[in-house]
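The next block is final_9.cif, given as mmCIF, C-alpha atoms.
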data_entry
#
loop_
_atom_site.label_atom_id
_atom_site.label_comp_id
_atom_site.auth_asym_id
_atom_site.auth_seq_id
_atom_site.Cartn_x
_atom_site.Cartn_y
_atom_site.Cartn_z
CA MET A 1 -11.00 -7.88 -0.06
CA GLU A 2 -10.69 -8.91 3.57
CA ILE A 3 -7.66 -7.29 5.21
CA GLU A 4 -7.93 -9.75 8.12
CA ALA A 5 -6.91 -12.62 5.83
CA PHE A 6 -3.44 -11.04 5.54
CA ILE A 7 -2.83 -10.46 9.26
CA ARG A 8 -1.28 -13.32 11.19
CA ALA A 9 -1.26 -13.80 14.94
CA ILE A 10 2.12 -14.59 16.54
CA PRO A 11 1.79 -15.79 20.16
CA ASP A 12 4.30 -14.76 22.82
CA PHE A 13 5.98 -12.02 20.79
CA PRO A 14 7.83 -9.87 21.75
CA ILE A 15 7.40 -11.35 25.25
CA PRO A 16 5.34 -14.21 26.70
CA GLY A 17 1.64 -13.40 26.97
CA ILE A 18 1.50 -10.96 24.03
CA LEU A 19 -0.37 -11.95 20.86
CA PHE A 20 1.38 -9.95 18.13
CA ARG A 21 -0.61 -8.99 15.01
CA ASP A 22 1.85 -9.28 12.12
CA ILE A 23 1.07 -7.20 9.02
CA THR A 24 4.06 -8.34 6.94
CA PRO A 25 1.90 -10.79 4.90
CA LEU A 26 -0.34 -7.82 4.04
CA LEU A 27 2.63 -5.65 3.07
CA LYS A 28 4.04 -8.27 0.71
CA ASP A 29 0.73 -8.76 -1.12
CA LYS A 30 0.52 -5.94 -3.67
CA GLN A 31 -3.29 -5.91 -3.83
CA GLY A 32 -3.70 -6.31 -0.07
CA PHE A 33 -1.25 -3.49 0.63
CA ARG A 34 -2.91 -1.22 -1.95
CA HIS A 35 -6.33 -1.97 -0.45
CA ALA A 36 -5.12 -1.16 3.06
CA ILE A 37 -3.67 2.20 1.94
CA ASP A 38 -6.81 2.97 -0.04
CA LEU A 39 -8.95 2.51 3.09
CA PHE A 40 -7.09 5.36 4.78
CA VAL A 41 -6.97 7.53 1.65
CA GLU A 42 -10.70 7.26 1.00
CA ARG A 43 -11.44 8.19 4.60
CA PHE A 44 -9.10 11.19 4.80
CA LYS A 45 -8.49 12.59 1.29
CA ALA A 46 -11.02 15.41 1.61
CA ARG A 47 -10.06 16.49 5.14
CA ASP A 48 -7.49 19.21 4.31
CA ILE A 49 -4.68 17.49 6.20
CA ALA A 50 -1.30 19.24 6.04
CA HIS A 51 0.80 16.35 7.40
CA VAL A 52 0.54 12.67 8.10
CA VAL A 53 2.43 11.80 11.28
CA GLY A 54 3.75 8.23 11.25
CA ILE A 55 4.70 6.46 14.48
CA GLU A 56 7.87 4.35 14.32
CA SER A 57 8.13 2.05 12.57
CA ARG A 58 5.10 0.47 10.94
CA GLY A 59 3.38 3.85 10.98
CA TYR A 60 5.99 4.93 8.43
CA ILE A 61 5.15 2.05 6.10
CA LEU A 62 1.49 3.04 6.09
CA GLY A 63 1.80 6.78 6.64
CA ALA A 64 4.17 7.73 3.83
CA PRO A 65 2.01 6.36 0.98
CA ILE A 66 -1.10 7.83 2.62
CA ALA A 67 0.58 11.25 2.79
CA TYR A 68 1.59 11.00 -0.85
CA ALA A 69 -1.90 9.98 -1.95
CA ILE A 70 -3.71 12.77 -0.07
CA GLY A 71 -1.18 15.47 -0.98
CA ALA A 72 0.21 15.94 2.53
CA GLY A 73 3.70 16.05 3.97
CA PHE A 74 5.02 13.23 6.15
CA ILE A 75 6.47 13.63 9.65
CA PRO A 76 8.16 10.76 11.50
CA VAL A 77 7.82 10.28 15.24
CA ARG A 78 10.87 8.28 16.32
CA LYS A 79 12.30 6.32 19.20
CA PRO A 80 15.03 8.11 21.18
CA GLY A 81 18.36 8.98 19.63
CA LYS A 82 17.29 8.76 15.97
CA LEU A 83 16.52 12.41 15.14
CA PRO A 84 19.50 14.68 14.42
CA HIS A 85 17.99 18.12 15.13
CA ASP A 86 16.38 19.86 18.14
CA LYS A 87 13.57 17.67 19.38
CA LEU A 88 10.79 17.20 21.91
CA THR A 89 10.55 13.94 23.90
CA GLU A 90 7.55 12.25 25.49
CA GLU A 91 7.49 9.07 27.62
CA TYR A 92 4.75 6.45 27.34
CA ALA A 93 3.80 3.03 28.66
CA LEU A 94 3.44 -0.06 26.49
CA GLU A 95 1.44 -3.13 27.37
CA TYR A 96 4.84 -4.74 28.07
CA GLY A 97 7.11 -1.91 29.29
CA THR A 98 7.95 1.78 28.83
CA ASN A 99 9.67 3.84 26.17
CA SER A 100 9.74 7.37 24.78
CA LEU A 101 9.17 9.08 21.45
CA GLU A 102 10.71 12.13 19.82
CA ILE A 103 9.73 14.63 17.14
CA HIS A 104 11.72 17.47 15.65
CA ALA A 105 10.91 20.71 17.45
CA ASP A 106 10.35 22.44 14.09
CA ALA A 107 8.26 19.66 12.52
CA LEU A 108 5.00 21.62 12.46
CA ALA A 109 3.69 25.14 12.48
CA ARG A 110 1.07 25.99 15.10
CA GLY A 111 -2.47 25.15 13.94
CA GLU A 112 -1.52 22.71 11.17
CA ARG A 113 -3.99 19.85 10.70
CA VAL A 114 -2.43 16.41 11.11
CA LEU A 115 -3.44 12.78 10.75
CA VAL A 116 -1.64 10.36 13.09
CA VAL A 117 -1.12 6.90 11.56
CA ASP A 118 0.09 3.61 13.01
CA ASP A 119 -0.54 -0.04 12.27
CA LEU A 120 -2.12 -0.97 15.61
CA LEU A 121 -3.96 0.57 18.55
CA ALA A 122 -3.52 -1.48 21.72
CA THR A 123 -3.38 0.30 25.09
CA GLY A 124 -3.05 3.68 23.40
CA GLY A 125 0.19 4.68 25.11
CA THR A 126 2.23 5.25 21.96
CA ALA A 127 -0.52 7.17 20.17
CA ALA A 128 -1.33 9.23 23.28
CA ALA A 129 2.36 10.18 23.65
CA THR A 130 2.39 11.20 19.98
CA GLY A 131 -0.71 13.29 20.59
CA ARG A 132 0.98 15.03 23.52
CA LEU A 133 4.02 15.81 21.36
CA LEU A 134 1.80 17.23 18.62
CA ARG A 135 -0.18 19.36 21.05
CA ARG A 136 3.09 20.75 22.45
CA LEU A 137 3.89 21.86 18.88
CA GLY A 138 0.42 23.40 18.51
CA ALA A 139 -0.87 20.96 15.89
CA GLN A 140 -4.56 20.36 15.30
CA ILE A 141 -5.09 16.58 15.41
CA GLU A 142 -7.72 15.71 12.82
CA ALA A 143 -7.67 12.00 13.64
CA PHE A 144 -5.74 9.01 14.90
CA ALA A 145 -5.99 6.23 12.30
CA PHE A 146 -4.98 2.59 12.71
CA LEU A 147 -5.17 -0.44 10.49
CA ILE A 148 -5.89 -2.67 13.52
CA GLU A 149 -7.46 -2.05 16.93
CA LEU A 150 -7.30 -4.45 19.87
CA THR A 151 -10.56 -3.32 21.42
CA ASP A 152 -10.23 -5.22 24.71
CA LEU A 153 -7.14 -3.17 25.63
CA GLY A 154 -9.07 0.12 25.68
CA GLY A 155 -6.58 2.29 23.83
CA ARG A 156 -9.29 4.42 22.26
CA ALA A 157 -10.05 5.92 25.68
CA GLN A 158 -6.50 7.37 25.84
CA LEU A 159 -7.02 9.45 22.70
CA LYS A 160 -9.04 12.50 23.66
CA ASN A 161 -8.16 15.09 21.01
CA GLY A 162 -9.27 13.79 17.64
CA GLU A 163 -11.37 11.19 15.95
CA VAL A 164 -10.18 7.58 16.31
CA VAL A 165 -10.48 5.34 13.25
CA SER A 166 -9.57 1.69 12.82
CA PHE A 167 -10.35 -0.67 9.96
CA VAL A 168 -9.89 -4.10 11.60
CA ALA A 169 -10.89 -4.89 15.18
CA TYR A 170 -9.91 -7.84 17.34
#
Show how you would write the structure in this file as structure tokens.
Amino acid sequence: MEIEAFIRAIPDFPIPGILFRDITPLLKDKQGFRHAIDLFVERFKARDIAHVVGIESRGYILGAPIAYAIGAGFIPVRKPGKLPHDKLTEEYALEYGTNSLEIHADALARGERVLVVDDLLATGGTAAATGRLLRRLGAQIEAFAFLIELTDLGGRAQLKNGEVVSFVAY
């Protein structure tokens, strides 16, 4: 099954000049969605991962079923103002602006092995900020895993501490 057949390109979203890769057709196709999750599970099921860390928001859609399938816990990394408990915050740059991410300060114990999951790797800012948050908590980043990678944007170079895996490249 070709995952690419379920990913549509939306020009000028969210701002002019951005070509957005929309995974909602993949998510609505039960076999396509299962295949996408299985790609991650097959790659990481034997890696002794304690937690899958999902980056808001499409990282949750992929990360939660991956965590379930590999027997790991799930930890959300959220945009500001969404977490109710003590948290750490990290700023990052997007290809079209800036933002910040937060994680609960008690989300992980020092040394726990984590897999970071998101739908897309572009410039790497969001994933790199997540990596910085996780390192501040003392996590061991096993890998950063993405369904899609936009290779021309060089995001892989931003991710220094852990393997970088993607299944579809544009």
Would you mind listing what lies within 10 Å of Leu108 (chain A) as an mmCIF file with C-alpha atoms, in the frame of the given file, with all atoms listed in the file counted and same-chain residues fewer than 4 positions away left out?
data_model
loop_
_atom_site.group_PDB
_atom_site.id
_atom_site.type_symbol
_atom_site.label_atom_id
_atom_site.label_comp_id
_atom_site.auth_asym_id
_atom_site.auth_seq_id
_atom_site.Cartn_x
_atom_site.Cartn_y
_atom_site.Cartn_z
ATOM 1 C CA ALA A 50 -1.300 19.240 6.040
ATOM 2 C CA HIS A 51 0.800 16.350 7.400
ATOM 3 C CA ILE A 75 6.470 13.630 9.650
ATOM 4 C CA ILE A 103 9.730 14.630 17.140
ATOM 5 C CA HIS A 104 11.720 17.470 15.650
ATOM 6 C CA GLU A 112 -1.520 22.710 11.170
ATOM 7 C CA ARG A 113 -3.990 19.850 10.700
ATOM 8 C CA VAL A 114 -2.430 16.410 11.110
ATOM 9 C CA LEU A 134 1.800 17.230 18.620
ATOM 10 C CA LEU A 137 3.890 21.860 18.880
ATOM 11 C CA GLY A 138 0.420 23.400 18.510
ATOM 12 C CA ALA A 139 -0.870 20.960 15.890
#
Quick one: residues within 12 Å of Gly71 (chain A), all atoms listed in the file, excluding same-chain residues fewer than 5 positions away - as a PyMOL selection string? chain A and resi 41+44-52+63-66
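In this comparison, which uses all atoms listed in the file, the residue of A:Glu4, A:Leu153, A:Asp119, A:Arg78 approaching Ile18 (chain A) most closely is A:Leu153.
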Which value, in Å to one decimal, gives the distance between CA of His35 (chain A) and CA of Thr130 (chain A)? 25.8 Å
Would you mind listing what lies within 12 Å of Val117 (chain A) as a ChimeraX atom specification, with only C-alpha atoms counted and same-chain residues fewer than 2 positions away left out? /A:37,40-41,44,51-67,74-77,114-115,119-121,126-128,130-131,141-148,163-166
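Taking CA of Gly32 (chain A) and CA of Tyr170 (chain A) as endpoints, the distance between them is 18.5 Å.
Across the chains present, the PyMOL selection byres ((chain A and resi 8) around 9) applied to this file returns Glu4, Ala5, Phe6, Ile7, Ala9, Ile10, Phe20, Arg21, Asp22, Ile23, Thr24 and Pro25 of chain A.
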Quick check, in Å to one decimal: how far apart do CA of Ala122 (chain A) and CA of Glu2 (chain A) lie? 20.9 Å
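Residue neighbourhood of Ser100 (chain A), excluding near-sequence residues (fewer than 2 positions): A:Lys79, A:Pro80, A:Thr89, A:Glu90, A:Glu91, A:Tyr92, A:Glu102, at 7 Å, using only C-alpha atoms.
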Please, could you write that set of residues out with C-alpha atoms as a short mmCIF file (atom, residue, chain, number, x, y, z; two decimals), keeping the file's coordinate frame?
data_model
loop_
_atom_site.label_atom_id
_atom_site.label_comp_id
_atom_site.auth_asym_id
_atom_site.auth_seq_id
_atom_site.Cartn_x
_atom_site.Cartn_y
_atom_site.Cartn_z
CA LYS A 79 12.30 6.32 19.20
CA PRO A 80 15.03 8.11 21.18
CA THR A 89 10.55 13.94 23.90
CA GLU A 90 7.55 12.25 25.49
CA GLU A 91 7.49 9.07 27.62
CA TYR A 92 4.75 6.45 27.34
CA GLU A 102 10.71 12.13 19.82
#
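Residue nearest His85 (chain A), chosen from A:Leu150, A:Ala129, A:Ala157, A:Ala105 and counting only C-alpha atoms: A:Ala105.
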Centre and edge lengths, as lines of an AutoDock Vina configuration file, for the axis-aligned box enclosing every listed atom of region 119-137 of chain A with 6 Å of padding on each of the six sides, in Å to one decimal?
center_x = 0.0
center_y = 10.2
center_z = 18.7
size_x = 20.0
size_y = 35.3
size_z = 24.8
